[in-house]
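final.txt (compact mmCIF, C-alpha atoms)
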```txt
# COMPACT_ATOMS: atom_id res chain seq x y z
CA MET Q 1 88.49 166.27 63.96
CA PRO Q 2 88.51 163.80 66.91
CA ALA Q 3 91.71 163.59 68.95
CA PRO Q 4 93.72 160.32 69.03
CA ARG Q 5 92.54 157.73 71.50
CA PRO Q 6 95.51 158.04 73.90
CA VAL Q 7 94.94 161.81 74.07
CA ARG Q 8 91.26 161.29 74.83
CA ALA Q 9 92.13 158.76 77.53
CA ALA Q 10 94.45 161.31 79.11
CA GLY Q 11 91.68 163.90 78.95
CA LEU Q 12 89.27 161.49 80.64
CA LEU Q 13 91.73 160.83 83.48
CA LEU Q 14 92.37 164.56 83.82
CA GLY Q 15 88.63 164.98 84.18
CA CYS Q 16 88.81 162.86 87.34
CA LEU Q 17 91.17 165.44 88.83
CA THR Q 18 89.08 168.44 87.75
CA ALA Q 19 86.03 166.72 89.25
CA LEU Q 20 87.83 166.78 92.60
CA PHE Q 21 88.29 170.52 92.16
CA GLY Q 22 84.56 170.89 91.55
CA LEU Q 23 83.67 168.81 94.61
CA ALA Q 24 86.11 170.77 96.77
CA TYR Q 25 84.68 174.03 95.48
CA PHE Q 26 81.12 173.06 96.38
CA LEU Q 27 82.23 171.97 99.86
CA VAL Q 28 84.23 175.13 100.56
CA ALA Q 29 81.81 177.54 98.91
CA GLY Q 30 78.83 175.81 100.49
CA ALA Q 31 80.36 176.14 103.93
CA ALA Q 32 81.25 179.82 103.34
CA LEU Q 33 78.09 180.94 101.55
CA GLY Q 34 75.49 178.48 102.86
CA ALA Q 35 74.02 180.83 105.43
CA PHE Q 36 73.92 183.72 102.95
CA LEU Q 37 72.21 181.55 100.37
CA LEU Q 38 69.46 180.72 102.84
CA TRP Q 39 68.75 184.34 103.78
CA PRO Q 40 66.58 186.05 101.11
CA ARG Q 41 68.28 189.44 101.44
CA THR Q 42 71.78 188.12 100.80
CA ARG Q 43 70.83 185.28 98.47
CA PRO Q 44 71.32 187.17 95.16
CA ARG Q 45 74.85 188.34 96.00
CA ALA Q 46 75.83 184.99 97.44
CA ARG Q 47 74.51 183.21 94.37
CA THR Q 48 76.44 185.62 92.14
CA ALA Q 49 79.64 184.86 94.04
CA LEU Q 50 78.98 181.13 93.88
CA VAL Q 51 78.35 181.21 90.13
CA ALA Q 52 81.41 183.40 89.48
CA GLY Q 53 83.74 180.79 90.96
CA ALA Q 54 81.86 177.97 89.27
CA ARG Q 55 82.32 179.65 85.87
CA GLU Q 56 86.09 179.55 86.32
CA LEU Q 57 86.01 175.81 86.89
CA VAL Q 58 83.56 175.33 84.01
CA ALA Q 59 85.93 177.29 81.76
CA LEU Q 60 88.66 174.83 82.80
CA GLU Q 61 86.39 171.93 81.82
CA ARG Q 62 85.69 173.56 78.46
CA ALA Q 63 89.43 173.97 77.84
CA ARG Q 64 89.94 170.29 78.73
CA ARG Q 65 87.30 169.21 76.23
CA THR Q 66 88.81 171.41 73.53
CA ARG Q 67 92.43 170.40 74.17
CA PHE Q 68 92.04 166.65 74.66
CA PHE Q 69 88.88 165.83 72.69
CA GLY Q 70 88.98 168.38 69.86
CA ASP Q 71 85.52 169.74 70.64
CA ALA Q 72 84.64 173.06 68.97
CA PHE Q 73 81.88 174.80 70.86
CA PRO Q 74 80.07 177.94 69.62
CA GLU Q 75 80.40 181.25 71.41
CA HIS Q 76 77.84 180.67 74.10
CA ARG Q 77 77.48 181.90 77.67
CA PRO Q 78 75.50 179.33 79.65
CA GLU Q 79 72.98 180.42 82.24
CA ASP Q 80 73.85 180.42 85.93
CA GLN Q 81 71.68 177.42 86.66
CA ALA Q 82 73.23 175.47 83.78
CA VAL Q 83 76.73 176.25 85.10
CA LEU Q 84 75.97 174.97 88.60
CA ARG Q 85 74.15 171.92 87.25
CA TYR Q 86 77.03 171.04 84.94
CA LEU Q 87 79.68 171.43 87.64
CA ALA Q 88 77.70 169.26 90.07
CA ALA Q 89 77.12 166.57 87.43
CA ARG Q 90 80.79 166.66 86.44
CA ALA Q 91 81.89 166.28 90.06
CA ALA Q 92 79.75 163.16 90.49
CA ALA Q 93 80.63 161.63 87.11
CA GLY Q 94 84.34 162.43 87.52
CA LEU Q 95 84.53 160.80 90.93
CA LEU Q 96 82.74 157.71 89.59
CA CYS Q 97 85.19 157.65 86.68
CA ALA Q 98 88.08 157.80 89.17
CA VAL Q 99 86.64 154.80 91.04
CA VAL Q 100 86.21 152.80 87.81
CA ALA Q 101 89.74 153.71 86.66
CA GLY Q 102 91.07 152.71 90.09
CA LEU Q 103 89.37 149.33 89.81
CA LEU Q 104 90.96 148.89 86.39
CA VAL Q 105 94.41 149.59 87.82
CA PHE Q 106 93.71 147.22 90.72
CA GLY Q 107 92.66 144.53 88.25
CA VAL Q 108 95.87 144.99 86.28
CA LEU Q 109 97.87 144.53 89.50
CA LEU Q 110 95.96 141.34 90.30
CA ALA Q 111 96.63 140.09 86.76
CA VAL Q 112 100.36 140.70 87.28
CA LEU Q 113 100.28 138.77 90.55
CA LEU Q 114 98.38 135.95 88.87
CA ALA Q 115 100.97 135.82 86.08
CA ARG Q 116 103.77 135.62 88.65
CA GLY Q 117 101.93 132.76 90.36
CA VAL Q 118 101.69 130.90 87.06
CA VAL Q 119 105.41 131.38 86.44
CA ARG Q 120 106.24 130.06 89.92
CA ALA Q 121 103.75 127.19 89.52
CA SER Q 122 101.95 128.23 92.70
CA VAL Q 123 98.55 128.49 90.97
CA SER Q 124 96.59 125.41 89.95
CA TRP Q 125 94.94 125.15 86.56
CA PRO Q 126 91.35 125.25 87.86
CA GLU Q 127 92.19 128.33 89.91
CA LEU Q 128 93.89 129.94 86.88
CA LEU Q 129 90.87 129.26 84.67
CA THR Q 130 88.48 130.67 87.28
CA GLN Q 131 90.58 133.79 87.85
CA THR Q 132 91.02 134.38 84.10
CA LEU Q 133 87.29 134.05 83.41
CA LEU Q 134 86.36 136.32 86.31
CA GLY Q 135 89.06 138.85 85.38
CA GLY Q 136 87.90 138.94 81.74
CA VAL Q 137 84.31 139.66 82.75
CA LEU Q 138 85.38 142.39 85.18
CA LEU Q 139 87.71 143.89 82.55
CA PHE Q 140 84.86 144.03 80.04
CA LEU Q 141 82.54 145.69 82.56
CA ASP Q 142 85.25 148.13 83.58
CA LEU Q 143 86.00 149.19 80.00
CA GLN Q 144 82.29 149.55 79.24
CA GLY Q 145 81.91 151.69 82.33
CA LEU Q 146 84.74 153.98 81.23
CA ARG Q 147 83.24 154.25 77.76
CA SER Q 148 79.82 155.14 79.18
CA LEU Q 149 81.36 157.74 81.48
CA ALA Q 150 83.26 159.23 78.53
CA ASP Q 151 79.98 159.51 76.60
CA GLN Q 152 78.36 161.08 79.64
CA ASP Q 153 81.18 163.62 79.84
CA ARG Q 154 80.63 164.53 76.19
CA ARG Q 155 76.87 164.90 76.61
CA LEU Q 156 77.25 167.09 79.68
CA ALA Q 157 79.71 169.35 77.85
CA ARG Q 158 77.46 169.77 74.82
CA ALA Q 159 74.44 170.46 77.00
CA CYS Q 160 76.30 173.24 78.83
CA PHE Q 161 78.60 174.77 76.22
CA GLY Q 162 76.41 174.62 73.17
CA PRO Q 163 73.48 172.95 71.45
CA SER Q 164 73.66 169.24 70.94
CA ALA Q 165 73.90 167.61 67.55
CA HIS Q 166 70.20 166.75 67.71
CA ALA Q 167 69.29 170.33 68.62
CA LEU Q 168 71.42 171.66 65.76
CA LEU Q 169 69.75 169.24 63.37
CA VAL Q 170 66.26 170.26 64.50
CA ARG Q 171 67.20 173.93 64.21
CA ARG Q 172 68.60 173.36 60.74
CA ILE Q 173 65.44 171.57 59.63
CA ASP Q 174 63.33 174.45 60.94
CA GLU Q 175 65.52 176.98 59.11
CA LEU Q 176 65.28 175.02 55.86
CA ALA Q 177 61.51 174.72 56.17
CA ALA Q 178 61.16 178.45 56.91
CA SER Q 179 63.46 179.48 54.05
CA ARG Q 180 61.67 177.14 51.65
CA ALA Q 181 58.30 178.62 52.61
CA ALA Q 182 59.73 182.14 52.23
CA VAL Q 183 61.08 181.34 48.76
CA VAL Q 184 57.75 179.88 47.67
CA ALA Q 185 55.93 182.95 48.98
CA ALA Q 186 58.42 185.30 47.29
CA VAL Q 187 58.10 183.51 43.94
CA ASP Q 188 54.32 183.54 44.22
CA ALA Q 189 54.30 187.28 45.03
CA GLU Q 190 56.65 187.99 42.11
CA ARG Q 191 54.43 185.99 39.76
CA ARG Q 192 51.35 187.92 40.89
CA ARG Q 193 53.18 191.21 40.39
CA VAL Q 194 54.24 190.26 36.87
CA GLU Q 195 50.68 189.20 36.09
CA ARG Q 196 49.38 192.52 37.44
CA ASP Q 197 51.93 194.48 35.39
CA LEU Q 198 50.96 192.60 32.25
CA HIS Q 199 47.24 193.03 32.89
CA ASP Q 200 47.20 196.63 34.05
CA GLY Q 201 50.03 197.92 31.93
CA VAL Q 202 50.92 196.02 28.79
CA GLN Q 203 47.45 194.70 28.11
CA GLN Q 204 45.85 198.11 28.45
CA ARG Q 205 48.43 199.65 26.11
CA LEU Q 206 47.85 196.91 23.55
CA VAL Q 207 44.11 197.61 23.69
CA ALA Q 208 44.78 201.30 23.16
CA LEU Q 209 47.12 200.43 20.25
CA ALA Q 210 44.41 198.27 18.65
CA VAL Q 211 41.89 201.12 19.02
CA LEU Q 212 44.28 203.58 17.36
CA LEU Q 213 44.97 201.24 14.46
CA GLY Q 214 41.24 200.66 14.03
CA ARG Q 215 40.57 204.39 13.93
CA ALA Q 216 43.40 204.80 11.39
CA ARG Q 217 41.82 202.16 9.15
CA ARG Q 218 38.53 204.01 9.32
CA GLY Q 219 40.22 207.34 8.64
CA GLY Q 220 38.77 207.36 5.16
CA ARG Q 221 39.55 210.45 3.14
CA ALA Q 222 41.47 212.35 5.83
CA PRO Q 223 45.11 211.42 5.20
CA GLU Q 224 46.40 213.92 7.77
CA ARG Q 225 44.19 212.39 10.44
CA THR Q 226 45.30 208.91 9.47
CA ASP Q 227 48.96 209.97 9.65
CA ALA Q 228 48.39 211.46 13.13
CA LEU Q 229 46.72 208.26 14.33
CA LEU Q 230 49.51 206.11 12.90
CA ALA Q 231 52.15 208.31 14.56
CA GLN Q 232 50.31 207.99 17.86
CA ALA Q 233 50.02 204.22 17.34
CA HIS Q 234 53.77 204.07 16.65
CA ARG Q 235 54.53 205.88 19.91
CA GLU Q 236 52.15 203.58 21.76
CA ALA Q 237 53.89 200.52 20.27
CA GLN Q 238 57.28 201.83 21.44
CA GLU Q 239 55.92 202.36 24.96
CA VAL Q 240 54.50 198.84 24.92
CA LEU Q 241 57.93 197.44 23.96
CA THR Q 242 59.57 199.48 26.72
CA GLU Q 243 57.12 198.21 29.31
CA LEU Q 244 57.50 194.63 28.10
CA ARG Q 245 61.26 195.03 28.43
CA GLU Q 246 60.80 196.31 31.99
CA VAL Q 247 58.62 193.33 32.90
CA ALA Q 248 61.16 190.95 31.36
CA TRP Q 249 63.98 192.57 33.34
CA ARG Q 250 62.00 192.15 36.56
CA VAL Q 251 61.51 188.45 35.81
CA HIS Q 252 65.16 187.80 34.93
CA PRO Q 253 67.40 190.28 33.08
CA SER Q 254 69.20 188.83 30.09
CA ALA Q 255 72.23 191.03 30.79
CA LEU Q 256 72.76 189.17 34.07
CA ASP Q 257 73.71 186.03 32.14
CA SER Q 258 75.35 187.60 29.11
CA LEU Q 259 77.21 190.58 30.60
CA GLY Q 260 77.39 189.84 34.33
CA LEU Q 261 76.21 191.45 37.54
CA ARG Q 262 78.08 194.74 37.10
CA GLU Q 263 76.42 195.57 33.77
CA ALA Q 264 73.01 194.43 35.02
CA LEU Q 265 73.32 196.83 37.97
CA VAL Q 266 74.36 199.60 35.61
CA GLY Q 267 71.14 198.93 33.72
CA VAL Q 268 69.18 199.26 36.97
CA ALA Q 269 70.86 202.62 37.61
CA GLU Q 270 70.11 203.85 34.09
CA ARG Q 271 66.43 202.96 34.32
CA SER Q 272 66.00 204.37 37.82
CA ALA Q 273 64.01 207.58 38.25
CA VAL Q 274 66.45 208.57 41.03
CA PRO Q 275 70.18 209.21 40.37
CA THR Q 276 71.85 205.94 41.34
CA HIS Q 277 75.59 205.41 41.81
CA ILE Q 278 77.09 201.93 41.59
CA VAL Q 279 80.27 200.97 43.48
CA TYR Q 280 81.25 197.47 42.35
CA GLU Q 281 84.30 195.95 44.09
CA LEU Q 282 84.17 192.30 43.09
CA PRO Q 283 87.07 191.22 40.90
CA GLU Q 284 85.77 187.72 40.17
CA PRO Q 285 82.43 186.49 38.77
CA LEU Q 286 79.85 185.14 41.18
CA PRO Q 287 77.87 181.89 41.15
CA GLU Q 288 74.51 182.21 39.46
CA PRO Q 289 72.34 181.97 42.65
CA VAL Q 290 74.42 184.62 44.46
CA ARG Q 291 74.49 186.85 41.39
CA THR Q 292 70.72 186.65 40.94
CA ALA Q 293 69.98 187.34 44.60
CA ALA Q 294 72.31 190.37 44.60
CA TYR Q 295 70.65 191.76 41.48
CA PHE Q 296 67.12 191.49 42.83
CA VAL Q 297 68.12 193.03 46.17
CA VAL Q 298 69.49 196.08 44.34
CA SER Q 299 66.62 196.26 41.85
CA GLU Q 300 63.90 196.06 44.50
CA ALA Q 301 65.64 198.48 46.87
CA VAL Q 302 66.23 201.07 44.14
CA THR Q 303 62.63 200.76 42.95
CA ASN Q 304 61.32 201.24 46.49
CA ALA Q 305 63.55 204.29 46.96
CA ALA Q 306 62.17 205.85 43.79
CA LYS Q 307 58.53 205.06 44.55
CA HIS Q 308 58.18 205.55 48.30
CA ALA Q 309 61.23 207.21 49.84
CA GLU Q 310 61.24 210.47 47.84
CA ALA Q 311 64.99 210.10 47.67
CA ASP Q 312 67.31 212.40 45.75
CA GLU Q 313 70.17 209.92 45.48
CA VAL Q 314 70.83 206.20 45.88
CA LEU Q 315 74.22 204.61 46.51
CA VAL Q 316 74.76 200.92 45.75
CA ARG Q 317 77.88 199.10 46.91
CA VAL Q 318 78.74 195.47 46.15
CA ALA Q 319 81.90 194.12 47.78
CA ARG Q 320 83.45 191.12 49.48
CA ALA Q 321 83.38 190.97 53.27
CA GLY Q 322 85.29 187.92 54.43
CA GLY Q 323 83.63 184.85 52.94
CA GLN Q 324 80.52 186.82 51.98
CA VAL Q 325 79.28 189.16 49.31
CA GLU Q 326 77.88 192.28 50.94
CA VAL Q 327 75.28 194.26 48.99
CA THR Q 328 74.43 197.68 50.47
CA VAL Q 329 71.77 200.03 49.11
CA ARG Q 330 71.52 203.44 50.81
CA ASP Q 331 69.13 206.26 49.93
CA ASP Q 332 68.67 209.73 51.43
CA GLY Q 333 64.88 209.55 51.46
CA LEU Q 334 62.28 209.89 54.20
CA GLY Q 335 63.07 206.60 55.92
CA GLY Q 336 60.53 204.67 57.95
CA ALA Q 337 60.61 201.60 55.70
CA ASP Q 338 58.74 198.62 57.12
CA PRO Q 339 61.05 195.57 57.28
CA ALA Q 340 57.95 193.36 57.30
CA GLY Q 341 56.61 194.90 54.08
CA GLY Q 342 55.79 192.68 51.14
CA GLY Q 343 58.76 193.62 48.96
CA LEU Q 344 61.35 193.40 51.72
CA THR Q 345 59.87 190.14 53.01
CA GLY Q 346 60.27 188.63 49.55
CA LEU Q 347 63.88 189.80 49.41
CA ARG Q 348 64.52 188.37 52.86
CA GLY Q 349 63.19 185.01 51.72
CA ARG Q 350 65.33 185.09 48.59
CA VAL Q 351 68.45 185.89 50.63
CA ALA Q 352 67.61 183.32 53.33
CA ALA Q 353 67.42 180.62 50.67
CA LEU Q 354 71.21 181.04 50.29
CA ASP Q 355 71.79 181.05 54.08
CA GLY Q 356 72.23 184.81 53.89
CA ARG Q 357 70.90 187.65 55.99
CA LEU Q 358 69.03 190.83 55.07
CA THR Q 359 68.98 193.79 57.46
CA VAL Q 360 67.02 197.03 57.09
CA HIS Q 361 67.92 200.22 58.95
CA SER Q 362 65.41 202.93 58.19
CA PRO Q 363 64.78 205.44 60.99
CA PRO Q 364 62.10 208.11 60.44
CA GLY Q 365 63.64 210.91 58.44
CA GLY Q 366 66.18 208.60 56.83
CA PRO Q 367 68.51 207.52 55.55
CA THR Q 368 67.46 203.98 54.66
CA THR Q 369 70.17 201.33 54.42
CA ILE Q 370 69.43 197.82 53.18
CA THR Q 371 72.25 195.32 53.58
CA ALA Q 372 72.27 191.78 52.21
CA GLU Q 373 75.00 189.37 53.31
CA LEU Q 374 75.24 186.49 50.86
CA PRO Q 375 77.54 183.58 51.81
CA CYS Q 376 80.11 182.99 49.12
CA ALA Q 377 82.11 180.18 50.74
CA SER Q 378 79.90 177.72 52.55
CA SER Q 379 79.62 174.01 53.10
CA SER Q 380 75.93 174.25 52.29
CA PRO Q 381 75.05 172.62 48.94
CA ARG Q 382 72.68 175.51 48.30
CA THR Q 383 75.50 178.05 48.41
CA PRO Q 384 78.20 177.25 45.83
CA PRO Q 385 81.67 178.67 46.50
CA CYS Q 386 82.72 181.86 44.74
```
Do you think you could lay out the structure here as structure tokens?
Amino acid sequence: MPAPRPVRAAGLLLGCLTALFGLAYFLVAGAALGAFLLWPRTRPRARTALVAGARELVALERARRTRFFGDAFPEHRPEDQAVLRYLAARAAAGLLCAVVAGLLVFGVLLAVLLARGVVRASVSWPELLTQTLLGGVLLFLDLQGLRSLADQDRRLARACFGPSAHALLVRRIDELAASRAAVVAAVDAERRRVERDLHDGVQQRLVALAVLLGRARRGGRAPERTDALLAQAHREAQEVLTELREVAWRVHPSALDSLGLREALVGVAERSAVPTHIVYELPEPLPEPVRTAAYFVVSEAVTNAAKHAEADEVLVRVARAGGQVEVTVRDDGLGGADPAGGGLTGLRGRVAALDGRLTVHSPPGGPTTITAELPCASSSPRTPPC
């Protein structure tokens, strides 16, 4: 929130004083370290000493901007060259601001003298009109100069202490474009996987079921053979239903909407080929996008642990961590998971769509830990509050 105008004016005038400090520092430090800066052997140490003192003055400027202007800068350590450049620019701009402010004070004094002359009738009307017109023009130019110098002070601070509003906007646009592309790629990969499961799994089982039923119809006079074929067809139909249920759960589990995330994760643990333990520490329900992303992170990670990690046990923990939901999946398998693999890349895109972050720690020999941080309280319209 911007500070009141009188406070900002005081901060601008204080900047004139701190600019004198910067100028004095360059004069004193330049005289003391100038010879060492010119000699190549001593230049690195002399530059380090010069920058160390400059950082103290720059920290003072940052505190001035925060206290009097309400600026909130990110945690950012500017480079040495940026520090020296900012301090030099501030010294020049601050001294110019002091000159402009001095002219404004001088103009106010002249206006007081002119008013006294009018009261004493020692100023003629033509002279009064001329002085008023000239004073108004100079006052306008003076105020515009102070405003421009205040804007310059703000731009210098943002360039040194953190990215500018334009840079933040460009970065945000790039992040949105990247996350959108990742989501599209993840959805496309998931669709291809479902199509492959249906074609290679369910479709093949349905063909086998049709063959069994056809053989049973042609069983003729061998009732025992027909009964055996029908029993086999019945088992095949049950396996088809189970596989269809698995495919449906991978698309979107119905329990996630009807029973909630906890029960959906319990279902993942029950269907897993590896013993899976669920630790659920969320007392309140989650928004649908966060809930869905958390489910798929757990489902994919548990499936990968069962297929590739040769794990004996998987531990899943879902808890709040500040304003985020933290989903951690840890297995005791072989490790060596590739963070750039297809499955993990799809999960990363799904998590990034909510402004979250997915990290994978999987050294050779294990264990593998996959952690998803899903924002639960954000100003982003894509991340509803929990």
Just the residues within 12 Å of His234 of chain Q, please, counting all atoms listed in the file, with nothing from its chain fewer than 2 positions along; format it as an mmCIF file with C-alpha atoms, in the frame of the given file.
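Contents of selection_21.cif, as written:
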```cif
data_model
loop_
_atom_site.group_PDB
_atom_site.id
_atom_site.type_symbol
_atom_site.label_atom_id
_atom_site.label_comp_id
_atom_site.auth_asym_id
_atom_site.auth_seq_id
_atom_site.Cartn_x
_atom_site.Cartn_y
_atom_site.Cartn_z
ATOM 1 C CA ARG Q 205 48.430 199.650 26.110
ATOM 2 C CA LEU Q 206 47.850 196.910 23.550
ATOM 3 C CA ALA Q 208 44.780 201.300 23.160
ATOM 4 C CA LEU Q 209 47.120 200.430 20.250
ATOM 5 C CA ALA Q 210 44.410 198.270 18.650
ATOM 6 C CA LEU Q 212 44.280 203.580 17.360
ATOM 7 C CA LEU Q 213 44.970 201.240 14.460
ATOM 8 C CA ALA Q 216 43.400 204.800 11.390
ATOM 9 C CA ASP Q 227 48.960 209.970 9.650
ATOM 10 C CA ALA Q 228 48.390 211.460 13.130
ATOM 11 C CA LEU Q 229 46.720 208.260 14.330
ATOM 12 C CA LEU Q 230 49.510 206.110 12.900
ATOM 13 C CA ALA Q 231 52.150 208.310 14.560
ATOM 14 C CA GLN Q 232 50.310 207.990 17.860
ATOM 15 C CA GLU Q 236 52.150 203.580 21.760
ATOM 16 C CA ALA Q 237 53.890 200.520 20.270
ATOM 17 C CA GLN Q 238 57.280 201.830 21.440
ATOM 18 C CA GLU Q 239 55.920 202.360 24.960
ATOM 19 C CA VAL Q 240 54.500 198.840 24.920
ATOM 20 C CA LEU Q 241 57.930 197.440 23.960
#
```
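Residue nearest Arg62 of chain Q, chosen from Q:Glu79, Q:Glu175, Q:Glu127, Q:Asp153 and counting only C-alpha atoms: Q:Asp153.
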Find the spatial neighbours of Glu284 of chain Q, counting only C-alpha atoms, within a cut-off of 12 Å - ignore same-chain residues fewer than 4 positions away - and output them as an mmCIF file with C-alpha atoms, in the coordinates of the input.
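Contents of part.cif, as written:
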```
data_model
loop_
_atom_site.group_PDB
_atom_site.id
_atom_site.type_symbol
_atom_site.label_atom_id
_atom_site.label_comp_id
_atom_site.auth_asym_id
_atom_site.auth_seq_id
_atom_site.Cartn_x
_atom_site.Cartn_y
_atom_site.Cartn_z
ATOM 1 C CA GLY Q 260 77.390 189.840 34.330
ATOM 2 C CA LEU Q 261 76.210 191.450 37.540
ATOM 3 C CA ARG Q 262 78.080 194.740 37.100
ATOM 4 C CA TYR Q 280 81.250 197.470 42.350
ATOM 5 C CA ARG Q 291 74.490 186.850 41.390
ATOM 6 C CA ALA Q 319 81.900 194.120 47.780
ATOM 7 C CA ARG Q 320 83.450 191.120 49.480
ATOM 8 C CA VAL Q 325 79.280 189.160 49.310
ATOM 9 C CA CYS Q 376 80.110 182.990 49.120
ATOM 10 C CA PRO Q 385 81.670 178.670 46.500
ATOM 11 C CA CYS Q 386 82.720 181.860 44.740
#
```
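Residues in contact with His308 of chain Q at 9 Å, where all atoms listed in the file are counted and same-chain residues fewer than 5 positions away are skipped, are listed as Thr303, Gly333, Leu334 and Ala337 of chain Q.
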For a quick check of your reading of the model, name the residues lying within 12 Å of the coordinate (91.9, 148.2, 88.9), counting only C-alpha atoms, and write them as a PDB file with C-alpha atoms, keeping the file's coordinate frame.
```pdb
ATOM      1  CA  CYS Q  97      85.190 157.650  86.680  1.00  0.00           C
ATOM      2  CA  ALA Q  98      88.080 157.800  89.170  1.00  0.00           C
ATOM      3  CA  VAL Q  99      86.640 154.800  91.040  1.00  0.00           C
ATOM      4  CA  VAL Q 100      86.210 152.800  87.810  1.00  0.00           C
ATOM      5  CA  ALA Q 101      89.740 153.710  86.660  1.00  0.00           C
ATOM      6  CA  GLY Q 102      91.070 152.710  90.090  1.00  0.00           C
ATOM      7  CA  LEU Q 103      89.370 149.330  89.810  1.00  0.00           C
ATOM      8  CA  LEU Q 104      90.960 148.890  86.390  1.00  0.00           C
ATOM      9  CA  VAL Q 105      94.410 149.590  87.820  1.00  0.00           C
ATOM     10  CA  PHE Q 106      93.710 147.220  90.720  1.00  0.00           C
ATOM     11  CA  GLY Q 107      92.660 144.530  88.250  1.00  0.00           C
ATOM     12  CA  VAL Q 108      95.870 144.990  86.280  1.00  0.00           C
ATOM     13  CA  LEU Q 109      97.870 144.530  89.500  1.00  0.00           C
ATOM     14  CA  LEU Q 110      95.960 141.340  90.300  1.00  0.00           C
ATOM     15  CA  ALA Q 111      96.630 140.090  86.760  1.00  0.00           C
ATOM     16  CA  VAL Q 112     100.360 140.700  87.280  1.00  0.00           C
ATOM     17  CA  GLY Q 135      89.060 138.850  85.380  1.00  0.00           C
ATOM     18  CA  LEU Q 138      85.380 142.390  85.180  1.00  0.00           C
ATOM     19  CA  LEU Q 139      87.710 143.890  82.550  1.00  0.00           C
ATOM     20  CA  LEU Q 141      82.540 145.690  82.560  1.00  0.00           C
ATOM     21  CA  ASP Q 142      85.250 148.130  83.580  1.00  0.00           C
ATOM     22  CA  LEU Q 143      86.000 149.190  80.000  1.00  0.00           C
ATOM     23  CA  LEU Q 146      84.740 153.980  81.230  1.00  0.00           C
TER      24      LEU Q 146
END
```
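Each of Q:Ile370, Q:Asp312, Q:Pro363, Q:Arg215 was compared to Val298 of chain Q using only C-alpha atoms, and Q:Ile370 turns out to be the nearest.
Here atom CA of Leu354 of chain Q and atom CA of Ala311 of chain Q stand 29.8 Å from one another.
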